[in-house]
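One file, coords-v1.tsv, is given below (TSV, C-alpha atoms).
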```
chain	number	residue	atom	x	y	z
A	29	MET	CA	42.84	-29.33	-44.13
A	30	ARG	CA	41.33	-32.41	-42.58
A	31	HIS	CA	39.30	-30.23	-40.16
A	32	ALA	CA	37.79	-28.10	-42.93
A	33	GLY	CA	34.73	-30.38	-43.04
A	34	HIS	CA	33.98	-29.59	-39.40
A	35	PHE	CA	34.22	-25.87	-40.12
A	36	VAL	CA	31.86	-26.16	-43.13
A	37	ARG	CA	29.32	-28.12	-41.05
A	38	LEU	CA	29.51	-25.50	-38.29
A	39	LEU	CA	28.91	-22.68	-40.80
A	40	ALA	CA	26.00	-24.63	-42.31
A	41	LEU	CA	24.48	-25.09	-38.83
A	42	VAL	CA	24.84	-21.38	-38.07
A	43	ALA	CA	23.30	-20.48	-41.46
A	44	ILE	CA	20.34	-22.85	-40.90
A	45	THR	CA	19.81	-21.36	-37.41
A	46	VAL	CA	19.87	-17.77	-38.75
A	47	VAL	CA	17.49	-18.61	-41.64
A	48	GLY	CA	15.17	-20.44	-39.23
A	49	PHE	CA	15.18	-17.51	-36.84
A	50	LEU	CA	14.42	-15.01	-39.63
A	51	PHE	CA	11.60	-17.24	-40.92
A	52	VAL	CA	9.95	-17.59	-37.50
A	53	ARG	CA	10.44	-13.86	-36.87
A	54	SER	CA	8.68	-13.01	-40.14
A	55	LEU	CA	5.69	-15.09	-39.02
A	56	VAL	CA	5.53	-13.69	-35.49
A	57	VAL	CA	6.49	-10.01	-35.77
A	58	PRO	CA	3.85	-7.74	-37.38
A	59	LYS	CA	4.80	-6.23	-40.73
A	60	ASP	CA	4.49	-2.66	-39.42
A	61	TYR	CA	6.77	-3.22	-36.42
A	62	GLY	CA	9.86	-1.02	-36.38
A	63	ILE	CA	8.87	1.37	-39.17
A	64	LYS	CA	8.88	4.44	-36.90
A	65	GLY	CA	10.43	2.98	-33.76
A	66	HIS	CA	10.28	-0.02	-31.45
A	67	TYR	CA	6.52	-0.46	-31.67
A	68	ARG	CA	3.82	-1.58	-34.08
A	69	LEU	CA	2.81	1.44	-36.19
A	70	SER	CA	-0.84	0.37	-36.35
A	71	ALA	CA	-0.93	0.34	-32.52
A	72	ILE	CA	-1.38	4.12	-32.62
A	73	ASP	CA	-4.60	3.81	-34.64
A	74	ASP	CA	-5.79	0.91	-32.46
A	75	GLU	CA	-5.31	2.97	-29.30
A	76	ALA	CA	-6.95	6.05	-30.85
A	77	LYS	CA	-10.10	3.99	-31.53
A	78	ARG	CA	-10.36	2.86	-27.88
A	79	GLU	CA	-12.49	4.83	-25.49
A	80	PRO	CA	-10.24	6.57	-22.94
A	81	ARG	CA	-10.43	4.93	-19.50
A	82	HIS	CA	-9.37	8.10	-17.70
A	83	ILE	CA	-12.08	10.75	-17.91
A	84	GLY	CA	-10.55	13.55	-15.84
A	85	SER	CA	-11.60	15.36	-12.69
A	86	ALA	CA	-14.03	17.64	-14.55
A	87	ALA	CA	-16.17	14.60	-15.39
A	88	CYS	CA	-16.07	13.50	-11.74
A	89	ALA	CA	-17.18	16.99	-10.64
A	90	GLU	CA	-20.37	16.69	-12.72
A	91	CYS	CA	-21.81	14.28	-10.14
A	92	HIS	CA	-19.60	14.86	-7.11
A	93	ASP	CA	-19.81	18.66	-7.02
A	94	GLU	CA	-19.46	19.11	-3.24
A	95	ILE	CA	-16.33	16.98	-3.06
A	96	ALA	CA	-14.98	18.67	-6.20
A	97	ALA	CA	-15.44	22.10	-4.60
A	98	MET	CA	-13.52	20.96	-1.48
A	99	TRP	CA	-10.84	19.40	-3.68
A	100	LYS	CA	-10.38	22.55	-5.80
A	101	ALA	CA	-10.00	24.72	-2.69
A	102	GLY	CA	-7.57	22.31	-1.01
A	103	LYS	CA	-3.89	21.64	-1.54
A	104	HIS	CA	-4.61	18.39	-3.41
A	105	HIS	CA	-6.10	20.10	-6.47
A	106	THR	CA	-3.12	19.09	-8.63
A	107	PRO	CA	-3.50	15.29	-8.58
A	108	GLN	CA	-6.57	14.19	-10.49
A	109	CYS	CA	-9.35	12.14	-8.86
A	110	GLU	CA	-8.24	9.08	-10.81
A	111	ASN	CA	-4.77	9.16	-9.24
A	112	CYS	CA	-6.34	7.74	-6.07
A	113	HIS	CA	-9.64	6.29	-7.26
A	114	GLY	CA	-8.56	4.65	-10.52
A	115	PRO	CA	-9.93	5.17	-14.05
A	116	GLY	CA	-13.44	6.63	-14.05
A	117	LEU	CA	-14.84	5.28	-17.33
A	118	MET	CA	-16.25	2.05	-15.89
A	119	HIS	CA	-17.68	3.93	-12.90
A	120	THR	CA	-19.60	6.31	-15.17
A	121	LYS	CA	-20.83	3.41	-17.31
A	122	VAL	CA	-22.02	1.38	-14.31
A	123	VAL	CA	-23.73	4.34	-12.63
A	124	ALA	CA	-25.41	5.35	-15.92
A	125	GLU	CA	-26.34	1.68	-16.47
A	126	ASP	CA	-24.56	1.63	-19.85
A	127	SER	CA	-23.38	-1.69	-21.25
A	128	THR	CA	-19.97	-2.86	-20.11
A	129	LYS	CA	-19.99	-6.19	-21.98
A	130	GLY	CA	-17.05	-5.33	-24.22
A	131	TYR	CA	-14.79	-4.47	-21.29
A	132	ALA	CA	-12.69	-7.00	-19.43
A	133	ASP	CA	-11.80	-4.63	-16.58
A	134	LYS	CA	-11.27	-6.24	-13.16
A	135	ILE	CA	-12.75	-3.12	-11.59
A	136	LEU	CA	-16.20	-4.19	-12.81
A	137	LYS	CA	-16.24	-6.68	-9.91
A	138	ASN	CA	-16.66	-3.70	-7.56
A	139	LYS	CA	-20.24	-2.55	-6.98
A	140	ASN	CA	-19.65	0.97	-8.31
A	141	ALA	CA	-16.73	0.01	-10.57
A	142	ILE	CA	-14.36	2.40	-8.84
A	143	LYS	CA	-11.31	1.72	-6.69
A	144	ARG	CA	-11.97	2.38	-3.05
A	145	PRO	CA	-8.77	3.93	-1.69
A	146	THR	CA	-7.18	2.22	1.30
A	147	GLY	CA	-6.58	5.52	3.06
A	148	ILE	CA	-2.87	4.87	3.37
A	149	GLN	CA	-1.32	3.36	0.23
A	150	GLU	CA	-2.49	6.15	-2.09
A	151	CYS	CA	-1.08	8.74	0.30
A	152	LYS	CA	2.27	6.94	0.44
A	153	TRP	CA	2.60	7.12	-3.35
A	154	CYS	CA	3.28	10.84	-3.01
A	155	HIS	CA	4.14	11.49	0.63
A	156	LEU	CA	6.46	8.67	1.71
A	157	LYS	CA	9.94	10.19	1.90
A	158	THR	CA	12.27	8.82	-0.74
A	159	PHE	CA	15.37	10.36	-2.27
A	160	GLU	CA	13.65	11.07	-5.59
A	161	ARG	CA	10.75	13.07	-4.10
A	162	PRO	CA	11.12	16.86	-4.33
A	163	SER	CA	11.91	18.48	-0.99
A	164	THR	CA	9.00	20.90	-1.51
A	165	LEU	CA	6.50	18.02	-1.18
A	166	LYS	CA	5.43	17.33	2.38
A	167	SER	CA	6.70	13.86	3.12
A	168	ILE	CA	7.01	11.44	6.01
A	169	ALA	CA	9.65	8.82	6.69
A	170	SER	CA	7.26	6.40	8.38
A	171	VAL	CA	3.53	6.38	9.05
A	172	GLU	CA	4.06	5.01	12.56
A	173	ARG	CA	6.51	7.77	13.50
A	174	HIS	CA	4.31	10.45	11.92
A	175	ILE	CA	1.32	9.39	14.04
A	176	THR	CA	3.29	9.13	17.30
A	177	ASP	CA	5.08	12.46	16.66
A	178	HIS	CA	1.64	14.09	16.43
A	179	LYS	CA	0.52	12.59	19.77
A	180	GLY	CA	-1.54	9.84	18.15
A	181	THR	CA	-1.65	6.14	18.83
A	182	TYR	CA	-0.43	3.99	15.98
A	183	THR	CA	-2.07	0.62	15.33
A	184	PRO	CA	-1.63	-1.68	12.33
A	185	ASN	CA	-5.05	-0.46	11.18
A	186	SER	CA	-4.12	3.25	11.33
A	187	LYS	CA	-4.82	5.17	8.15
A	188	CYS	CA	-3.95	8.65	6.95
A	189	VAL	CA	-7.66	9.41	6.52
A	190	ASP	CA	-8.18	8.92	10.25
A	191	CYS	CA	-6.85	12.47	10.64
A	192	HIS	CA	-6.56	13.90	7.12
A	193	ASN	CA	-9.40	14.47	4.68
A	194	PRO	CA	-7.63	13.89	1.34
A	195	HIS	CA	-10.03	16.15	-0.53
A	196	THR	CA	-9.43	19.21	1.64
A	197	THR	CA	-6.12	18.33	3.35
A	198	VAL	CA	-7.73	19.53	6.57
A	199	VAL	CA	-6.28	17.82	9.63
A	200	THR	CA	-8.88	16.75	12.17
A	201	PRO	CA	-7.07	15.08	15.08
A	202	GLY	CA	-9.24	12.65	16.98
A	203	LYS	CA	-11.88	12.75	14.25
A	204	SER	CA	-12.00	10.43	11.32
A	205	GLY	CA	-11.18	12.26	8.12
A	206	LEU	CA	-12.98	9.45	6.32
A	207	ALA	CA	-16.15	10.07	8.34
A	208	SER	CA	-16.12	13.77	7.48
A	209	LEU	CA	-15.45	12.80	3.88
A	210	THR	CA	-18.45	10.47	3.73
A	211	THR	CA	-20.66	13.07	5.36
A	212	ALA	CA	-19.64	15.61	2.73
A	213	ALA	CA	-20.43	13.13	-0.07
A	214	LYS	CA	-24.07	12.70	1.02
```
Whole structure, structure tokens version:
Amino acid sequence: MRHAGHFVRLLALVAITVVGFLFVRSLVVPKDYGIKGHYRLSAIDDEAKREPRHIGSAACAECHDEIAAMWKAGKHHTPQCENCHGPGLMHTKVVAEDSTKGYADKILKNKNAIKRPTGIQECKWCHLKTFERPSTLKSIASVERHITDHKGTYTPNSKCVDCHNPHTTVVTPGKSGLASLTTAAK
């Protein structure tokens, strides 16, 4: 029985720790957290009030009709414009000269507030061969091998758009797909 005091002090320490934790948690965790799941219930209303950042390819087609026509006719008509170019809301606001003061988007640093694709990374998101990609999707194991297998010369600056126009999926060996893309945009 002489060690009972140690046991009581240990239980008191555990009880103080638990009470302290519950007190701090009540101050930090919002009251509506966990009512319907592992999220703050009012977050749904907060998000519903926000203007959607992704506007969809139909909105892009309103200004970029020639590219949209090529895109619809090509094999890449399933992915939306924003899959490669990023959310379009800031782009439409900047081009229309609407106020963007309430937005903290990093993309506003770009002149047209739209992501300029690298011409390789966006393609790799879908076409780089990995075990989870469906076998029906055309894929490549390596960009370097793909270029050399098609009688091209690989350099560290090689890009998919050097031969492929991503809007039409037309292959133009020896011609820059990016150059034909920019010509079509004018």
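Going from atom CA of A:Gly84 to atom CA of A:Ala141 covers 15.8 Å.
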Once you add 4 Å to each side, what are the centre and edge lengths of the axis-aligned box holding all listed atoms of stretch 73-92 of chain A? One decimal in Å, as JSON, if you can.
```
{"center_x": -13.2, "center_y": 9.3, "center_z": -20.9, "size_x": 25.2, "size_y": 24.7, "size_z": 35.5}
```
Between stretch 38-128 of chain A and stretch 169-193 of chain A, at 10 Å or less, what are the per-residue closest atom pairs and their distances in Å? Count only C-alpha atoms, order by chain and rising residue number, and return it as a Markdown table.
```
| residue | atom | partner | partner_atom | distance |
| --- | --- | --- | --- | --- |
| A:Met98 | CA | A:Asn193 | CA | 9.9 |
| A:Trp99 | CA | A:Asn193 | CA | 9.8 |
| A:Gly102 | CA | A:Asn193 | CA | 9.9 |
```
Selection near A:Ala97, 12 Å with only C-alpha atoms, sequence-local residues under 3 positions removed, as JSON, numbers by chain: {"A": [85, 86, 88, 89, 90, 91, 92, 93, 94, 100, 101, 102, 103, 104, 105, 195, 196, 212, 213]}
In Å, rounded to a single decimal, give me how far atom CA of A:Gly116 is from atom CA of A:Ala87.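 Spanning atom CA of A:Ala87 to atom CA of A:Gly116 is a straight-line distance of 8.5 Å.
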Excluding same-chain residues fewer than 5 positions from A:Cys112, what lies within 9 Å of it counting all atoms listed in the file, as a ChimeraX atom specification? /A:107,143-145,150-151
Selection to disk with C-alpha atoms, as a PDB file, in the coordinates of the input:
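Now in selection-v3.pdb:
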```pdb
ATOM      1  CA  PRO A 107      -3.500  15.290  -8.580  1.00  0.00           C
ATOM      2  CA  LYS A 143     -11.310   1.720  -6.690  1.00  0.00           C
ATOM      3  CA  ARG A 144     -11.970   2.380  -3.050  1.00  0.00           C
ATOM      4  CA  PRO A 145      -8.770   3.930  -1.690  1.00  0.00           C
ATOM      5  CA  GLU A 150      -2.490   6.150  -2.090  1.00  0.00           C
ATOM      6  CA  CYS A 151      -1.080   8.740   0.300  1.00  0.00           C
TER       7      CYS A 151
END
```
A:Ile72 proximity check over A:Leu165, A:Asp60, A:Ser127, A:Lys157, using all atoms listed in the file: winner is A:Asp60
Within 8 Å of A:Thr128, counting all atoms listed in the file, which residues qualify if same-chain residues fewer than 4 places away don't, as a count of residues only? 3
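From atom CA of A:Val123 back to atom CA of A:Trp153, the distance works out to 28.1 Å.
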